[in-house]
Structures are given as structure tokens and as C-alpha cells.
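Below: one structure, written as C-alpha cells.
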Amino acid sequence: MNASVRWDLVAEGLRSDWADVAGRAMHARVSTLALPPHAPVVVLVHGIGVSSRYMVPTAIRLAETCRVYVPDLPGFGLSAKPSGILDVPALADALAAWMRAVRLARAALLGNSFGCQVIAELGARHPALITRAVLQGPTMDPRARSAPRQILRWALNSPFEPAGKWTSLGSVVRQDYRDAGVRRVLATFRVALGDRIEDKLPRLQAPTLVVRGARDPIVPQRWAEEATRLLPRGRLVVVPGAAHTMCFTSPDQLASIVRPFLAEGARSSSASRTA
């Protein structure tokens with residue numbers, strides 16, 4: 001599959017899709033490649049301020065073997081903008097409502113950064129929807145739950161991202177921040193800081209893979225190990241040379257880890273149906 005991307009539209013192999021969720025339009029990028037009926041189904045969840053554009057590099061790689069859905073959470077990307085700021089429970093409920101609207105009874109969930117917080121909340125509030133979870137760079141490290149510490153860690157992360165891809169990512173982030181609006185981005189950042197993901201991870205019962213870039217200062221090794229221990233069925237994978245925005249800057253490495261994990265779940269599900 002050609003990995004070329006038109007950031008203002010969609011990537012090759014993905015189409016734009018719309019669903020009505022509680023009277024508001026939610027946009028998603030959805031894979032188009034015909035796959036066997038029992039191919040894994042995966043929903044990708046973006047981080048703070050950005051949109052499904054940010055997840056496209058990973059999406060187009062997973063779409064070779066998986067049915068992929070990449071929604072814009074309410075207030076972000078091309079989805080409708082609610083008048084107020086949605087907290088993490090409200091975003092998780094909106095994601096659950098969207099899954100039901102597009103008739104996804106169950107799916108694997110893959111999130112980056114703040115998207116992991118939304119997935120953890122979804123697992124606590126709507127456990128039946130999740131078959132497996134991948135938490136790539138899960139925030140917030142409880143030992144750095146303040147704006148100054150997070151901003152410093154983001155600044156430290158920048159030099160560790162591949163230079164060319166970091167420039168492309170900057171273009172995507174700027175467009176997404178314009179779409180969402182500065183007020184919503186900053187308010188959602190405050191929401192993320194106040195969210196205690198560590199209280200929800202023990203309630204995420206699905207098999208879960210924690211993926212950390214070895215050079216990620218936002219998610220230090222200590223926190224990645226702690227998050228994995230909190231999960232009832234957690235595993236940790238550390239990717240050499242990768243940093244925080246692996247879903248955009250190191251998508252081949254991320255996809256190579258995620259594909260067998262999702263295939264394992266699809267095989268288990270198929271075996272259960274035929275038993």
C-alpha cells in the first residue's frame with residue numbers, strides 16, 4: 001500500500017466517514033482494503049489537540065491486515081465542536097456512542113499519549129467494547145502531573161524525534177490546533193493533567209500492550225513499568241530509538257509490534273466461535 005498522505009484530505013487506502021452521535025457529526029478515517037471476515041478490527045485514538053490525521057501513518061500500515069477506524073473525538077479534527085469542554089469520561093462515552101453508531105460491537109483500541117487516557121476510561125466504563133488495547137506512550141506520569149513538568153518533557157522529547165518527520169508532524173499539529181481552537185486545546189490539557197489514569201488501569205480487563213519508545217522522556221521507563229503492573233493483563237514492549245510520537249514518526253516499528261498482538265486476539269476470538 002502506498003503510504004503517501006494528503007494531510008488536508010485522507011491517506012490512500014482510507015476514506016472519510018461520518019456518523020451522527022447524539023445529534024452531532026463525528027468524522028473518522030476508515031480503511032478501504034477488502035480483508036477476510038475475521039481480520040482484526042482496530043480503532044485508533046488520537047492525543048490532545050490533534051486529530052485522526054496524526055494517526056494516519058500507523059493506520060495505513062495496519063490497514064494492510066486489519067480493518068481500521070480512526071475517529072476525530074468531539075471538538076477535534078473535522079468532528080462537530082461541542083460548546084463546552086469534554087472531560088475524559090465524556091470523551092470515552094462519546095467514543096463508545098460512536099462505536100455503536102458505526103456498528104462496532106467490539107474492537108481493539110490503540111491510543112497515543114492522551115488517547116491512552118481515553119481508552120483506560122473506556123475500559124472502565126464500557127468494558128464490553130474492548131477486545132484488546134495498545135497504550136503507546138500513556139500519559140500522565142503521576143510524578144509529573146503539572147503543566148511545567150509536562151511542557152519540559154515535551155521540549156526534551158523534540159530532539160529525539162526523526163528530524164524530517166518531526167517537521168511534517170509540526171504541520172499536522174498546527175492545522176489540528178487551528179481546527180480545535182487554542183481554548184479547547186489548553187482546556188483539554190488541563191483535563192488530562194487532572195485525570196488519574198492509574199486509578200483506571202486496574203479496571204481495563206482486556207489484554208493490553210504498553211508500548212514505550214526507549215527515548216521518550218514524557219513516559220519514563222519507571223512509569224511504563226508501573227502502568228503495566230497496574231493492568232490485570234498487561235505486557236510492556238520498549239522500542240529502541242523511538243520517542244513519544246511513535247504513531248507518526250516510527251509507524252513501521254509500531255505496526256510491526258501491534259500486528260501480531262491483534263492477530264493473536266483475532267485467532268482467540270475465532271477459536272471461541274468455533275469451539
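Ordering of the C-alpha cells sets the chain letters (A, B, ...); residue numbers start at 1 within each chain; ligands are numbered from 1 in the order shown.
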(message) So that I can check the secondary structure, give me every residue of stretch 49-195 of chain A assigned strand (DSSP E) by backbone DSSP, as a PyMOL selection string.
(response) chain A and resi 67-71+107-112+130-136
Can you list every residue of stretch 81-168 of chain A that has an atom at most 12 Å from stretch 60-73 of chain A, with its nearest atom pair and the distance in Å to one decimal, using only C-alpha atoms, ordered by chain then number, as a Markdown table?
```
| residue | atom | partner | partner_atom | distance |
| --- | --- | --- | --- | --- |
| A:Lys81 | CA | A:Leu73 | CA | 9.4 |
| A:Pro82 | CA | A:Leu73 | CA | 10.6 |
| A:Ile85 | CA | A:Leu73 | CA | 11.7 |
| A:Leu86 | CA | A:Leu73 | CA | 9.8 |
| A:Asp87 | CA | A:Leu73 | CA | 11.6 |
| A:Val88 | CA | A:Leu73 | CA | 11.0 |
| A:Ala90 | CA | A:Leu73 | CA | 10.3 |
| A:Leu91 | CA | A:Leu73 | CA | 7.0 |
| A:Ala92 | CA | A:Leu73 | CA | 9.1 |
| A:Asp93 | CA | A:Leu73 | CA | 10.5 |
| A:Ala94 | CA | A:Leu73 | CA | 7.6 |
| A:Leu95 | CA | A:Leu73 | CA | 7.1 |
| A:Ala96 | CA | A:Leu73 | CA | 10.9 |
| A:Ala97 | CA | A:Leu73 | CA | 11.2 |
| A:Trp98 | CA | A:Pro71 | CA | 8.5 |
| A:Met99 | CA | A:Pro71 | CA | 9.5 |
| A:Val102 | CA | A:Tyr69 | CA | 9.9 |
| A:Arg103 | CA | A:Tyr69 | CA | 11.7 |
| A:Leu104 | CA | A:Tyr69 | CA | 9.8 |
| A:Ala107 | CA | A:Tyr69 | CA | 9.7 |
| A:Ala108 | CA | A:Val68 | CA | 9.7 |
| A:Leu109 | CA | A:Tyr69 | CA | 9.6 |
| A:Leu110 | CA | A:Val70 | CA | 9.6 |
| A:Gly111 | CA | A:Val70 | CA | 10.1 |
| A:Phe114 | CA | A:Leu73 | CA | 11.6 |
| A:Gly115 | CA | A:Leu73 | CA | 9.7 |
| A:Val118 | CA | A:Leu73 | CA | 10.0 |
```
(message) What's the separation between atom CA of A:Cys247 and atom CA of A:Ala28, in Å to one decimal place?
(response)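 These atoms are spaced 16.9 Å apart.
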(request) Based on DSSP run over this structure's backbone, return all residues of stretch 53-259 of chain A in helix (DSSP H, G or I), as number ranges by chain. (result) A: 53-62, 88-101, 114-125, 127-129, 142-144, 147-160, 163-180, 182-194, 197-203, 221-230, 246-249, 251-259
Any chance you could tabulate, as JSON lines, the residues of stretch 165-204 of chain A at most 10 Å from stretch 119-137 of chain A with each one's nearest atom pair and distance in Å to one decimal, using only C-alpha atoms, in chain and rising number order?
```
{"residue": "A:Asp195", "atom": "CA", "partner": "A:Glu121", "partner_atom": "CA", "distance": 9.6}
{"residue": "A:Arg196", "atom": "CA", "partner": "A:Glu121", "partner_atom": "CA", "distance": 9.8}
{"residue": "A:Ile197", "atom": "CA", "partner": "A:Ala120", "partner_atom": "CA", "distance": 6.7}
{"residue": "A:Glu198", "atom": "CA", "partner": "A:Ala120", "partner_atom": "CA", "distance": 9.0}
{"residue": "A:Asp199", "atom": "CA", "partner": "A:Ala120", "partner_atom": "CA", "distance": 9.3}
{"residue": "A:Lys200", "atom": "CA", "partner": "A:Ala120", "partner_atom": "CA", "distance": 5.9}
{"residue": "A:Leu201", "atom": "CA", "partner": "A:Ala120", "partner_atom": "CA", "distance": 5.9}
{"residue": "A:Pro202", "atom": "CA", "partner": "A:Ala124", "partner_atom": "CA", "distance": 8.6}
{"residue": "A:Arg203", "atom": "CA", "partner": "A:Ala124", "partner_atom": "CA", "distance": 5.3}
{"residue": "A:Leu204", "atom": "CA", "partner": "A:Gly123", "partner_atom": "CA", "distance": 4.8}
```
Take the residues that were just selected and, keeping N, CA and C atoms, output them as an mmCIF file, in the first residue's frame.
```cif
data_model
loop_
_atom_site.group_PDB
_atom_site.id
_atom_site.type_symbol
_atom_site.label_atom_id
_atom_site.label_comp_id
_atom_site.auth_asym_id
_atom_site.auth_seq_id
_atom_site.Cartn_x
_atom_site.Cartn_y
_atom_site.Cartn_z
ATOM 1 N N ASP A 195 -6.630 14.010 35.252
ATOM 2 C CA ASP A 195 -7.139 12.647 35.099
ATOM 3 C C ASP A 195 -6.149 11.643 35.678
ATOM 4 N N ARG A 196 -6.635 10.767 36.551
ATOM 5 C CA ARG A 196 -5.777 9.787 37.220
ATOM 6 C C ARG A 196 -5.893 8.434 36.502
ATOM 7 N N ILE A 197 -5.121 8.281 35.457
ATOM 8 C CA ILE A 197 -5.169 7.038 34.690
ATOM 9 C C ILE A 197 -4.797 5.841 35.555
ATOM 10 N N GLU A 198 -3.954 6.059 36.552
ATOM 11 C CA GLU A 198 -3.511 4.950 37.400
ATOM 12 C C GLU A 198 -4.661 4.326 38.181
ATOM 13 N N ASP A 199 -5.743 5.075 38.390
ATOM 14 C CA ASP A 199 -6.907 4.527 39.083
ATOM 15 C C ASP A 199 -7.771 3.679 38.156
ATOM 16 N N LYS A 200 -7.593 3.832 36.856
ATOM 17 C CA LYS A 200 -8.454 3.145 35.885
ATOM 18 C C LYS A 200 -7.791 1.937 35.246
ATOM 19 N N LEU A 201 -6.471 1.945 35.192
ATOM 20 C CA LEU A 201 -5.779 0.827 34.551
ATOM 21 C C LEU A 201 -6.138 -0.524 35.168
ATOM 22 N N PRO A 202 -6.301 -0.635 36.506
ATOM 23 C CA PRO A 202 -6.680 -1.936 37.066
ATOM 24 C C PRO A 202 -8.048 -2.430 36.601
ATOM 25 N N ARG A 203 -8.865 -1.543 36.042
ATOM 26 C CA ARG A 203 -10.204 -1.924 35.581
ATOM 27 C C ARG A 203 -10.237 -2.242 34.088
ATOM 28 N N LEU A 204 -9.104 -2.098 33.422
ATOM 29 C CA LEU A 204 -9.015 -2.422 31.993
ATOM 30 C C LEU A 204 -8.695 -3.913 31.874
#
```
(request) Would you work out the distance separating atom CA of A:Met55 from atom CA of A:Pro138, expressed in Å to one decimal? (result)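 Pair atom CA of A:Met55 / atom CA of A:Pro138 returns 15.0 Å.
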(message) So that I can see what lies close to A:Asp20, please list as a list in words the residues with an atom at most 10 Å from it, counting only C-alpha atoms and leaving out residues fewer than 2 positions away in the same chain.
(response)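 The neighbour list is Trp18, Ala22, Gly23, Arg24, Ala25, Met26, His27, Ala80, Ala97, Trp98, Ala101 and Val102 of chain A.
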Kindly provide the residues of stretch 178-250 of chain A that approach stretch 258-262 of chain A to within 10 Å, each paired with its closest atom pair and their distance in Å to one decimal, based on only C-alpha atoms, listed by chain and increasing number, as a tab-separated table.
```
residue	atom	partner	partner_atom	distance
A:Pro207	CA	A:Phe261	CA	9.3
A:Thr208	CA	A:Phe261	CA	9.2
A:Leu209	CA	A:Phe261	CA	8.0
A:Val211	CA	A:Val258	CA	9.2
```
Just-selected residues, C-alpha atoms written as a PDB file, in the first residue's frame:
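Writing done, so here's again.pdb:
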```
ATOM      1  CA  PRO A 207      -5.198  -7.941  27.216  1.00  0.00           C
ATOM      2  CA  THR A 208      -3.177  -4.741  26.961  1.00  0.00           C
ATOM      3  CA  LEU A 209       0.158  -3.899  25.390  1.00  0.00           C
ATOM      4  CA  VAL A 211       4.467   0.412  24.123  1.00  0.00           C
TER       5      VAL A 211
END
```
